[in-house]
>>> print(open('query_1.txt').read())   # compact mmCIF, C-alpha atoms
# COMPACT_ATOMS: atom_id res chain seq x y z
CA MET A 257 -37.52 -200.48 176.11
CA THR A 258 -37.92 -202.05 172.66
CA ASP A 259 -36.05 -205.13 171.49
CA THR A 260 -33.81 -202.92 169.34
CA ASP A 261 -32.84 -200.95 172.41
CA ASP A 262 -32.02 -204.03 174.51
CA THR A 263 -28.44 -203.62 175.68
CA ARG A 264 -28.16 -206.95 177.50
CA GLU A 265 -24.98 -208.72 176.44
CA THR A 266 -24.75 -212.24 175.12
CA PRO A 267 -23.79 -214.50 178.08
CA THR A 268 -20.07 -215.03 178.42
CA ARG A 269 -18.19 -218.28 179.00
CA ARG A 270 -18.18 -217.54 182.73
CA ASP A 271 -21.92 -216.79 182.63
CA CYS A 272 -22.65 -220.18 181.12
CA MET A 273 -20.57 -221.84 183.83
CA LYS A 274 -22.65 -219.98 186.41
CA TYR A 275 -25.91 -221.03 184.79
CA GLY A 276 -24.65 -224.58 184.95
CA GLY A 277 -23.88 -224.16 188.65
CA ALA A 278 -27.28 -222.67 189.38
CA ALA A 279 -29.06 -225.52 187.65
CA VAL A 280 -27.04 -228.12 189.49
CA ALA A 281 -27.66 -226.39 192.79
CA GLY A 282 -31.35 -226.42 192.08
CA GLY A 283 -31.35 -230.14 191.42
CA LEU A 284 -31.90 -229.82 187.68
CA LEU A 285 -30.15 -231.95 185.10
CA ALA A 286 -28.47 -229.41 182.89
CA GLY A 287 -26.45 -226.24 183.27
CA CYS A 288 -27.31 -224.18 180.20
CA LEU A 289 -30.01 -226.28 178.61
CA GLY A 290 -33.22 -225.62 176.77
CA SER A 291 -32.39 -222.14 175.56
CA ASP A 292 -31.54 -220.57 172.23
CA SER A 293 -29.31 -217.57 171.68
CA SER A 294 -32.14 -215.90 169.77
CA SER A 295 -34.42 -216.06 172.81
CA SER A 296 -34.38 -212.71 174.58
CA GLY A 297 -32.58 -212.84 177.93
CA ASP A 298 -31.74 -216.55 177.80
CA ALA A 299 -28.30 -218.15 177.77
CA PRO A 300 -27.25 -219.81 174.52
CA ALA A 301 -27.65 -223.55 174.25
CA PRO A 302 -24.52 -225.33 175.41
CA ARG A 303 -22.08 -226.71 172.88
CA TYR A 304 -21.95 -229.97 174.85
CA GLU A 305 -22.82 -231.47 178.22
CA ALA A 306 -21.20 -233.90 180.63
CA CYS A 307 -23.07 -236.01 183.17
CA ILE A 308 -22.23 -237.59 186.51
CA GLU A 309 -24.14 -238.52 189.68
CA PRO A 310 -25.12 -236.84 191.94
CA VAL A 311 -24.70 -233.68 189.87
CA GLY A 312 -26.67 -234.68 186.81
CA CYS A 313 -25.75 -233.14 183.44
CA VAL A 314 -23.88 -229.86 183.18
CA GLY A 315 -23.85 -227.84 179.96
CA PHE A 316 -20.68 -226.10 178.76
CA ASP A 317 -20.31 -223.58 175.98
CA THR A 318 -16.51 -223.98 176.04
CA VAL A 319 -14.16 -226.49 177.62
CA PRO A 320 -13.28 -225.59 181.24
CA GLU A 321 -9.75 -224.28 181.52
CA THR A 322 -9.31 -224.11 185.30
CA TYR A 323 -10.51 -226.22 188.20
CA VAL A 324 -10.19 -226.95 191.91
CA VAL A 325 -10.41 -230.42 193.43
CA ASN A 326 -11.18 -231.96 196.77
CA ASN A 327 -9.18 -235.20 196.71
CA GLY A 328 -6.16 -235.88 194.54
CA GLU A 329 -7.78 -238.58 192.44
CA TRP A 330 -9.67 -235.90 190.52
CA ALA A 331 -6.48 -233.92 189.94
CA ASP A 332 -4.78 -237.12 188.75
CA MET A 333 -7.61 -237.73 186.27
CA ALA A 334 -7.40 -234.15 185.02
CA PHE A 335 -3.60 -234.38 184.65
CA ALA A 336 -4.00 -237.60 182.64
CA LEU A 337 -6.33 -235.70 180.33
CA GLY A 338 -3.71 -233.04 179.66
CA GLN A 339 -5.14 -230.47 182.07
CA ARG A 340 -2.19 -229.98 184.45
CA ASP A 341 -1.99 -226.23 183.76
CA GLY A 342 -5.61 -225.72 184.82
CA PHE A 343 -5.08 -227.01 188.38
CA LEU A 344 -5.63 -224.23 190.91
CA THR A 345 -5.81 -225.75 194.38
CA SER A 346 -7.06 -228.69 196.41
CA THR A 347 -8.14 -229.85 199.84
CA THR A 348 -5.75 -232.81 199.84
CA MET A 349 -3.25 -233.69 197.13
CA ILE A 350 -1.30 -236.75 196.03
CA PRO A 351 2.42 -236.28 196.81
CA GLY A 352 4.25 -234.92 193.80
CA PHE A 353 6.88 -237.67 193.63
CA LEU A 354 4.20 -240.14 192.52
CA PHE A 355 3.77 -238.08 189.35
CA GLU A 356 7.47 -237.78 188.53
CA PRO A 357 7.62 -240.99 186.43
CA PHE A 358 5.14 -239.32 184.06
CA GLY A 359 7.12 -236.10 183.64
CA LEU A 360 4.68 -234.03 185.68
CA ASP A 361 5.80 -231.30 188.03
CA VAL A 362 3.17 -231.17 190.76
CA PRO A 363 3.66 -228.63 193.56
CA PRO A 364 3.63 -229.87 197.14
CA ARG A 365 0.45 -229.27 199.08
CA SER A 366 2.14 -226.56 201.12
CA GLU A 367 2.63 -224.40 198.02
CA THR A 368 -1.02 -224.25 196.98
CA ALA A 369 -3.53 -221.75 198.31
CA GLY A 370 -5.59 -224.79 199.24
CA LEU A 371 -8.72 -225.50 201.13
CA ASP A 372 -8.23 -226.83 204.63
CA THR A 373 -9.30 -230.45 205.16
CA THR A 374 -11.77 -229.54 207.90
CA SER A 375 -12.65 -225.92 207.15
CA TRP A 376 -13.72 -224.79 203.70
CA ASP A 377 -13.35 -221.05 203.25
CA LYS A 378 -15.81 -219.86 200.60
CA GLU A 379 -13.49 -216.99 199.75
CA VAL A 380 -10.99 -219.45 198.30
CA PHE A 381 -13.55 -220.42 195.64
CA TYR A 382 -14.28 -216.79 194.84
CA GLU A 383 -10.60 -215.87 194.73
CA GLU A 384 -9.56 -218.82 192.58
CA GLU A 385 -12.60 -218.43 190.32
CA PRO A 386 -12.39 -221.88 188.68
CA ASP A 387 -14.36 -222.83 185.60
CA VAL A 388 -15.44 -226.10 187.23
CA ILE A 389 -15.21 -227.60 190.73
CA LEU A 390 -14.20 -231.27 190.59
CA MET A 391 -15.89 -232.33 193.80
CA ASP A 392 -18.94 -234.29 194.82
CA PRO A 393 -21.27 -231.42 195.82
CA ASN A 394 -22.61 -233.43 198.74
CA TYR A 395 -19.15 -233.89 200.20
CA MET A 396 -18.92 -230.30 201.32
CA HIS A 397 -21.94 -230.32 203.58
CA ALA A 398 -22.53 -234.02 204.32
CA THR A 399 -19.28 -235.02 206.02
CA GLY A 400 -19.79 -232.80 209.04
CA TRP A 401 -16.08 -232.03 209.17
CA ASP A 402 -16.85 -228.33 208.88
CA SER A 403 -19.84 -227.67 211.13
CA THR A 404 -20.22 -224.15 209.74
CA TRP A 405 -20.79 -225.37 206.17
CA ASP A 406 -24.24 -226.47 205.06
CA GLU A 407 -26.10 -227.16 201.83
CA SER A 408 -26.85 -223.48 201.29
CA ASP A 409 -23.10 -222.80 201.11
CA THR A 410 -22.68 -225.46 198.47
CA ARG A 411 -25.57 -223.98 196.53
CA GLU A 412 -24.08 -220.49 196.78
CA ILE A 413 -20.76 -221.60 195.32
CA ALA A 414 -22.47 -223.51 192.52
CA GLU A 415 -24.61 -220.49 191.65
CA ASN A 416 -21.96 -217.78 191.97
CA VAL A 417 -18.66 -219.42 191.08
CA ALA A 418 -18.81 -222.59 188.99
CA PRO A 419 -20.65 -225.90 188.64
CA PHE A 420 -19.64 -228.90 190.69
CA PHE A 421 -18.68 -232.00 188.73
CA GLY A 422 -17.62 -235.00 190.77
CA ASN A 423 -18.47 -238.09 192.76
CA ASN A 424 -16.93 -239.24 196.04
CA ILE A 425 -15.18 -242.24 194.47
CA LEU A 426 -12.56 -242.69 197.21
CA ARG A 427 -14.79 -244.86 199.38
CA ARG A 428 -18.43 -245.40 200.30
CA ARG A 429 -19.60 -243.10 203.07
CA GLU A 430 -22.83 -243.30 205.05
CA TRP A 431 -24.36 -240.34 203.19
CA HIS A 432 -23.35 -241.65 199.77
CA ASP A 433 -26.56 -243.50 198.88
CA TYR A 434 -26.20 -243.05 195.11
CA ARG A 435 -23.89 -244.53 192.54
CA LEU A 436 -20.22 -244.75 193.44
CA TYR A 437 -18.26 -244.86 190.20
CA THR A 438 -15.23 -247.00 189.55
CA LEU A 439 -12.07 -245.09 188.69
CA TYR A 440 -12.44 -245.51 184.96
CA GLU A 441 -16.16 -244.76 184.99
CA ALA A 442 -15.40 -241.44 186.68
CA PHE A 443 -12.41 -240.88 184.39
CA GLU A 444 -14.58 -241.33 181.32
CA ARG A 445 -17.10 -238.78 182.57
CA LEU A 446 -14.35 -236.29 183.28
CA ALA A 447 -13.07 -236.89 179.76
CA ASP A 448 -16.53 -235.81 178.57
CA CYS A 449 -16.23 -232.67 180.68
CA PHE A 450 -12.82 -231.76 179.22
CA GLN A 451 -13.62 -233.15 175.75
CA GLU A 452 -10.61 -235.45 175.88
CA ARG A 453 -11.99 -238.77 174.66
CA GLU A 454 -8.82 -239.77 172.79
CA ARG A 455 -6.56 -239.28 175.80
CA TYR A 456 -9.01 -241.22 177.97
CA GLU A 457 -9.12 -244.14 175.55
CA ALA A 458 -5.32 -244.22 175.22
CA ILE A 459 -4.81 -244.35 179.02
CA ALA A 460 -7.61 -246.91 179.37
CA GLU A 461 -5.92 -249.12 176.78
CA ILE A 462 -2.70 -249.15 178.82
CA HIS A 463 -4.66 -249.87 181.99
CA ASP A 464 -6.43 -252.81 180.32
CA SER A 465 -3.11 -254.14 179.05
CA VAL A 466 -1.61 -254.01 182.55
CA GLN A 467 -4.64 -255.75 184.01
CA ALA A 468 -4.49 -258.50 181.39
CA GLU A 469 -0.77 -259.02 182.03
CA ILE A 470 -1.33 -259.26 185.78
CA GLN A 471 -4.21 -261.69 185.47
CA SER A 472 -2.19 -263.94 183.18
CA ARG A 473 0.57 -264.25 185.77
CA LEU A 474 -1.26 -264.41 189.10
CA PRO A 475 -1.20 -267.73 190.96
CA PRO A 476 -4.44 -269.52 191.90
CA VAL A 477 -6.43 -267.82 194.65
CA ASP A 478 -5.49 -270.45 197.23
CA ASP A 479 -1.80 -269.75 196.63
CA ARG A 480 -2.01 -266.02 197.24
CA PRO A 481 -0.72 -264.53 200.52
CA SER A 482 -2.99 -263.52 203.39
CA ILE A 483 -3.00 -259.76 203.85
CA ALA A 484 -3.58 -257.53 206.85
CA LEU A 485 -4.33 -254.07 205.45
CA ILE A 486 -4.10 -251.48 208.22
CA ASN A 487 -4.64 -247.73 207.99
CA SER A 488 -1.59 -245.51 208.36
CA ALA A 489 -3.13 -244.06 211.55
CA SER A 490 -2.25 -247.40 213.17
CA SER A 491 0.47 -247.39 215.80
CA PRO A 492 2.38 -250.66 216.31
CA ALA A 493 4.30 -248.96 219.10
CA GLN A 494 1.06 -248.45 221.04
CA GLY A 495 -0.56 -251.68 219.85
CA THR A 496 -3.44 -249.91 218.12
CA PHE A 497 -4.44 -250.87 214.60
CA TYR A 498 -7.19 -249.76 212.25
CA PRO A 499 -8.08 -252.69 210.02
CA MET A 500 -9.31 -252.29 206.47
CA HIS A 501 -10.88 -254.71 204.00
CA THR A 502 -9.02 -255.21 200.74
CA GLN A 503 -12.23 -255.70 198.76
CA SER A 504 -14.11 -252.64 199.98
CA GLU A 505 -15.76 -250.32 197.48
CA GLY A 506 -13.88 -247.28 196.21
CA VAL A 507 -10.75 -246.11 194.44
CA GLU A 508 -8.50 -246.47 197.47
CA THR A 509 -8.54 -250.29 197.42
CA LYS A 510 -8.52 -250.76 193.63
CA PRO A 511 -5.00 -252.31 193.46
CA TYR A 512 -5.97 -255.02 195.94
CA ARG A 513 -9.25 -255.79 194.19
CA ASP A 514 -7.50 -255.95 190.83
CA LEU A 515 -4.92 -258.37 192.24
CA GLY A 516 -7.65 -260.54 193.74
CA ILE A 517 -6.28 -260.17 197.26
CA GLY A 518 -8.51 -261.32 200.09
CA SER A 519 -8.43 -259.88 203.60
CA VAL A 520 -7.62 -261.51 206.92
CA PHE A 521 -10.17 -259.11 208.41
CA SER A 522 -13.89 -259.57 208.00
CA ALA A 523 -15.93 -256.65 206.70
CA GLU A 524 -17.40 -256.32 210.20
CA THR A 525 -13.97 -256.14 211.83
CA ALA A 526 -12.79 -253.59 209.27
CA ALA A 527 -15.81 -251.41 210.03
CA GLY A 528 -15.60 -251.79 213.79
CA GLY A 529 -12.80 -249.39 214.73
CA SER A 530 -9.44 -250.26 216.22
CA ILE A 531 -8.04 -253.67 217.14
CA ASP A 532 -5.05 -254.76 219.22
CA TYR A 533 -2.17 -257.20 218.95
CA GLU A 534 -4.30 -260.06 220.24
CA LEU A 535 -6.60 -260.00 217.22
CA LEU A 536 -3.70 -259.41 214.84
CA ILE A 537 -1.96 -262.49 216.21
CA ASP A 538 -5.16 -264.50 215.82
CA VAL A 539 -5.26 -263.82 212.08
CA ASP A 540 -1.43 -263.93 211.72
CA PRO A 541 -1.10 -262.55 208.18
CA ASP A 542 1.62 -263.42 205.69
CA VAL A 543 1.94 -259.75 204.80
CA ILE A 544 1.13 -256.49 206.62
CA VAL A 545 0.42 -253.49 204.42
CA VAL A 546 0.15 -249.95 205.83
CA HIS A 547 -2.51 -248.28 203.71
CA TRP A 548 -1.52 -244.77 202.49
CA GLY A 549 1.99 -245.51 203.80
CA ILE A 550 3.81 -244.73 200.55
CA GLY A 551 2.64 -241.13 200.66
CA THR A 552 2.37 -240.33 204.35
CA THR A 553 5.80 -241.48 205.52
CA GLY A 554 8.43 -238.84 204.91
CA ASP A 555 8.50 -235.10 204.38
CA GLY A 556 5.53 -234.99 201.99
CA ASP A 557 7.71 -234.53 198.90
CA GLY A 558 9.00 -238.08 198.82
CA PHE A 559 8.87 -241.45 200.52
CA SER A 560 11.35 -242.15 203.30
CA ALA A 561 12.25 -245.81 203.76
CA ALA A 562 14.05 -244.93 207.01
CA ALA A 563 11.01 -243.11 208.40
CA PHE A 564 8.75 -246.03 207.45
CA ARG A 565 10.99 -248.50 209.23
CA GLU A 566 11.15 -246.29 212.30
CA GLN A 567 7.40 -245.68 212.47
CA TYR A 568 6.06 -249.10 211.53
CA VAL A 569 8.61 -251.88 211.10
CA GLU A 570 10.85 -251.46 214.15
CA PRO A 571 7.97 -251.17 216.67
CA PHE A 572 6.63 -254.50 215.38
CA GLU A 573 10.07 -256.08 215.70
CA ASP A 574 10.59 -254.67 219.18
CA HIS A 575 7.19 -255.76 220.54
CA SER A 576 7.06 -259.08 222.38
CA ALA A 577 3.86 -260.12 220.63
CA GLY A 578 4.34 -258.30 217.33
CA SER A 579 7.73 -259.91 216.74
CA GLN A 580 6.01 -263.31 216.64
CA LEU A 581 3.84 -262.43 213.64
CA THR A 582 4.65 -264.31 210.46
CA ALA A 583 4.79 -261.10 208.43
CA VAL A 584 7.28 -259.58 210.87
CA GLU A 585 9.47 -262.68 210.95
CA ASN A 586 9.57 -262.72 207.14
CA GLY A 587 10.22 -258.99 206.79
CA ALA A 588 6.94 -258.57 204.92
CA ILE A 589 5.73 -255.17 206.18
CA TYR A 590 5.14 -252.74 203.32
CA PRO A 591 4.01 -249.17 202.77
CA GLY A 592 0.66 -249.49 201.02
CA ALA A 593 -0.78 -247.52 198.16
CA TYR A 594 -1.71 -243.88 198.63
CA GLY A 595 -5.48 -244.29 198.68
CA SER A 596 -6.24 -241.16 196.70
CA GLN A 597 -5.25 -242.23 193.18
CA GLY A 598 -6.30 -241.49 189.65
CA PRO A 599 -5.31 -243.40 186.50
CA LEU A 600 -1.66 -242.29 186.54
CA VAL A 601 -0.82 -243.05 190.16
CA ASN A 602 -2.98 -246.17 190.07
CA LEU A 603 -0.86 -247.66 187.28
CA LEU A 604 2.26 -247.04 189.35
CA GLN A 605 0.76 -248.36 192.58
CA THR A 606 -0.80 -251.46 191.05
CA GLU A 607 2.66 -252.42 189.84
CA MET A 608 4.03 -251.60 193.30
CA VAL A 609 1.50 -253.77 195.13
CA ALA A 610 2.06 -256.64 192.69
CA GLN A 611 5.78 -256.56 193.54
CA GLN A 612 5.12 -256.38 197.26
CA LEU A 613 2.76 -259.34 197.33
CA PHE A 614 4.18 -261.50 194.52
CA PRO A 615 7.93 -260.78 194.36
CA GLU A 616 8.68 -264.18 192.84
CA ILE A 617 6.44 -263.29 189.88
CA PHE A 618 6.73 -259.52 189.41
CA GLY A 619 10.12 -258.85 191.00
CA SER A 620 10.85 -257.65 194.52
CA PHE A 621 9.82 -254.25 195.78
CA ASP A 622 12.76 -251.99 196.62
CA LEU A 623 11.68 -249.91 199.60
CA ALA A 624 14.51 -247.40 199.25
CA ALA A 625 14.35 -246.91 195.46
CA PHE A 626 10.62 -246.41 194.83
CA PRO A 627 9.26 -244.91 192.58
CA ASP A 628 12.26 -246.00 190.51
CA VAL A 629 11.70 -249.53 189.27
CA PRO A 630 14.13 -251.61 187.17
CA ALA A 631 13.06 -251.62 183.52
CA GLU A 632 12.68 -255.40 183.47
CA GLN A 633 10.14 -255.26 186.31
CA ARG A 634 7.92 -252.55 184.86
CA LEU A 635 4.41 -253.51 183.83
CA PHE A 636 3.92 -250.46 181.62
CA ASP A 637 5.93 -247.96 179.61
CA ARG A 638 6.29 -244.72 181.58
CA GLN A 639 7.20 -242.73 178.50
CA ALA A 640 4.16 -243.96 176.61
CA VAL A 641 1.94 -242.66 179.40
CA ALA A 642 3.86 -239.38 179.59
CA ASP A 643 3.40 -238.95 175.83
CA ILE A 644 -0.35 -239.36 176.15
CA VAL A 645 -0.45 -236.79 178.93
CA ALA A 646 1.58 -234.41 176.77
CA GLY A 647 -0.59 -235.05 173.71
CA ASP A 648 2.20 -236.75 171.74
CA PHE A 649 0.45 -239.95 170.74
>>> encode(input="query_1.txt", output="structure tokens")
Amino acid sequence: MTDTDDTRETPTRRDCMKYGGAAVAGGLLAGCLGSDSSSSGDAPAPRYEACIEPVGCVGFDTVPETYVVNNGEWADMAFALGQRDGFLTSTTMIPGFLFEPFGLDVPPRSETAGLDTTSWDKEVFYEEEPDVILMDPNYMHATGWDSTWDESDTREIAENVAPFFGNNILRRREWHDYRLYTLYEAFERLADCFQERERYEAIAEIHDSVQAEIQSRLPPVDDRPSIALINSASSPAQGTFYPMHTQSEGVETKPYRDLGIGSVFSAETAAGGSIDYELLIDVDPDVIVVHWGIGTTGDGDGFSAAAFREQYVEPFEDHSAGSQLTAVENGAIYPGAYGSQGPLVNLLQTEMVAQQLFPEIFGSFDLAAFPDVPAEQRLFDRQAVADIVAGDF
């Protein structure tokens, strides 16, 4: 067949996404790189590329329109960049009520086609057919949560469906031996992917303003309360607690790091599994915070102050040892931030944690009213953020 008889079509937008996936799966840096549309049989050179570890650089001929995510922080970042309509499904998702202050209607997890948290059906990827998969490619096969999934499955999806673009920023895991990005480092790279630099910079400016305001008002380190951060899997009724360190690496503890909050638990204790009342009494914290509590206590569509009291506060009060804790005596047991958080939910939760830990400075936290906050206690303008998300800025 001569060149003039060549009937091969110019690669489509979906083809270029697939080339990007194949290159990533093969450990190369770029998706559709090093080719020219005049070269017979090759994909056209990409219009732009976006880079992130461990993926490398992925080339795109057009901006991705649809995506799936693993954890909600990547959906949050995409929403902040004006990409709400492109969301297809997720493994786990931030409760929708945490997006309401920004004018976003986010469906509850039960209404998405979703990937199960411990079993990833490849057919979901094929059926959804996203333009990009906002997940750390190593997450799928390295966690061991789905024993039937291995690296070849990840490679298949990258080659046949869409490129992966993500980093496991929630927390450091044993297999994550490469760079773990901060929230805004990851957010900036996703902005490159969606070509939304202006939205990124506008949100980052609000974030920086909030941080500066907080830092200007925080008391000296020695005057800050002692915090016991426990995972929401803890059961005060059974006397079993899973301690966490407030300064650990990852998005989930960002509000505590930003507020300069130390931990009553050592890093070793936090990594050592469960503890009991005896150790909790030994450290006797000023405040007890139930990590993830703001999003895991209730019906999934909203936070229930009554359910939180029943599950966490009352068992402490009713326990002979727990009732002696300083935090319990002072009524200082709070539902902590939902660990999976992008720039939108992080703004809201940083304000929330500031009110929980420093009520005399930032105003008291109203357990029953959240996420509604009196205007005089707000650290940022909700409408200004909503306008950026909507593109009206």
>>> atom_distance(input="query_1.txt", atom1="atom CA of Pro419 of chain A", atom2="atom CA of Met349 of chain A")
20.9 Å
>>> residues_around(input="query_1.txt", residues="Leu485 of chain A", least_positions_apart="3", cutoff="8 Å", atoms="all atoms listed in the file", output="VMD selection string")
chain A and resid 499 to 502 519 544 to 547
>>> residues_around(input="query_1.txt", residues="Trp330 of chain A", least_positions_apart="5", cutoff="9 Å", atoms="all atoms listed in the file", output="ChimeraX atom specification")
/A:325,335,390-391,422,442-443,446,596-598
>>> atom_distance(input="query_1.txt", atom1="atom CA of Pro393 of chain A", atom2="atom CA of Ala414 of chain A")
8.7 Å
>>> residues_around(input="query_1.txt", residues="segment 490-495 of chain A", least_positions_apart="5", cutoff="7 Å", atoms="all atoms listed in the file", output="count of residues only")
5
>>> atom_distance(input="query_1.txt", atom1="atom CA of Gly338 of chain A", atom2="atom CA of His432 of chain A")
29.4 Å
>>> closest_residue(input="query_1.txt", among="A:Pro357, A:Gly518, A:Gly342, A:Gly506", to="Ser482 of chain A", atoms="all atoms listed in the file")
A:Gly518
>>> closest_residue(input="query_1.txt", among="A:Leu337, A:Cys313, A:Ala625, A:Asp648", to="Arg453 of chain A", atoms="all atoms listed in the file")
A:Leu337
>>> residues_around(input="query_1.txt", residues="segment 584-589 of chain A", least_positions_apart="2", cutoff="8 Å", atoms="only C-alpha atoms", output="list in words")
Asp542, Val543, Ile544, Val545, Val546, Val569, Phe572, Glu573, Gly578, Ser579, Gln580, Leu581, Thr582 and Pro591 of chain A
>>> closest_residue(input="query_1.txt", among="A:Pro615, A:Pro386, A:Pro351, A:Pro541", to="Phe421 of chain A", atoms="all atoms listed in the file")
A:Pro386
>>> closest_residue(input="query_1.txt", among="A:Phe521, A:Phe381, A:Tyr590, A:Phe497", to="Ala418 of chain A", atoms="only C-alpha atoms")
A:Phe381
>>> closest_residue(input="query_1.txt", among="A:Pro320, A:Gly558, A:Gly595, A:Pro475", to="Ile389 of chain A", atoms="all atoms listed in the file")
A:Pro320
>>> closest_residue(input="query_1.txt", among="A:Cys449, A:Ala527, A:Val539, A:Leu371", to="Gln339 of chain A", atoms="only C-alpha atoms")
A:Cys449
>>> residues_around(input="query_1.txt", residues="Tyr440 of chain A", least_positions_apart="3", cutoff="10 Å", atoms="only C-alpha atoms", output="list in words")
Met333, Tyr437, Phe443, Glu444, Arg445, Leu446, Tyr456, Ile459, Ala460, His463, Val507, Gly598 and Pro599 of chain A
>>> decode(input="query_1.txt", residues="segment 311-323 of chain A", atoms="N, CA and C atoms", output="JSON list (two decimals), in the first residue's frame")
[["chain", "number", "residue", "atom", "x", "y", "z"],
["A", 311, "VAL", "N", 3.76, 9.06, 38.35],
["A", 311, "VAL", "CA", 3.34, 8.86, 36.97],
["A", 311, "VAL", "C", 4.38, 9.33, 35.97],
["A", 312, "GLY", "N", 4.97, 10.49, 36.24],
["A", 312, "GLY", "CA", 5.83, 11.14, 35.26],
["A", 312, "GLY", "C", 5.04, 12.21, 34.55],
["A", 313, "CYS", "N", 5.30, 12.44, 33.27],
["A", 313, "CYS", "CA", 4.61, 13.46, 32.50],
["A", 313, "CYS", "C", 3.66, 12.80, 31.50],
["A", 314, "VAL", "N", 2.45, 13.31, 31.46],
["A", 314, "VAL", "CA", 1.44, 12.78, 30.56],
["A", 314, "VAL", "C", 1.09, 13.87, 29.54],
["A", 315, "GLY", "N", 1.08, 13.51, 28.26],
["A", 315, "GLY", "CA", 0.74, 14.46, 27.22],
["A", 315, "GLY", "C", -0.73, 14.42, 26.89],
["A", 316, "PHE", "N", -1.33, 15.58, 26.67],
["A", 316, "PHE", "CA", -2.74, 15.70, 26.33],
["A", 316, "PHE", "C", -2.89, 16.54, 25.06],
["A", 317, "ASP", "N", -3.73, 16.07, 24.15],
["A", 317, "ASP", "CA", -4.01, 16.90, 22.98],
["A", 317, "ASP", "C", -5.18, 17.84, 23.24],
["A", 318, "THR", "N", -6.07, 17.47, 24.16],
["A", 318, "THR", "CA", -7.15, 18.35, 24.61],
["A", 318, "THR", "C", -7.31, 18.16, 26.12],
["A", 319, "VAL", "N", -7.94, 19.12, 26.75],
["A", 319, "VAL", "CA", -8.14, 19.06, 28.19],
["A", 319, "VAL", "C", -9.11, 17.92, 28.54],
["A", 320, "PRO", "N", -8.77, 17.07, 29.51],
["A", 320, "PRO", "CA", -9.68, 15.99, 29.91],
["A", 320, "PRO", "C", -11.03, 16.56, 30.36],
["A", 321, "GLU", "N", -12.09, 15.92, 29.94],
["A", 321, "GLU", "CA", -13.43, 16.37, 30.31],
["A", 321, "GLU", "C", -14.05, 15.53, 31.41],
["A", 322, "THR", "N", -13.65, 14.26, 31.52],
["A", 322, "THR", "CA", -14.24, 13.37, 32.52],
["A", 322, "THR", "C", -13.15, 12.65, 33.28],
["A", 323, "TYR", "N", -13.47, 12.23, 34.50],
["A", 323, "TYR", "CA", -12.46, 11.59, 35.34],
["A", 323, "TYR", "C", -13.12, 10.74, 36.41]]
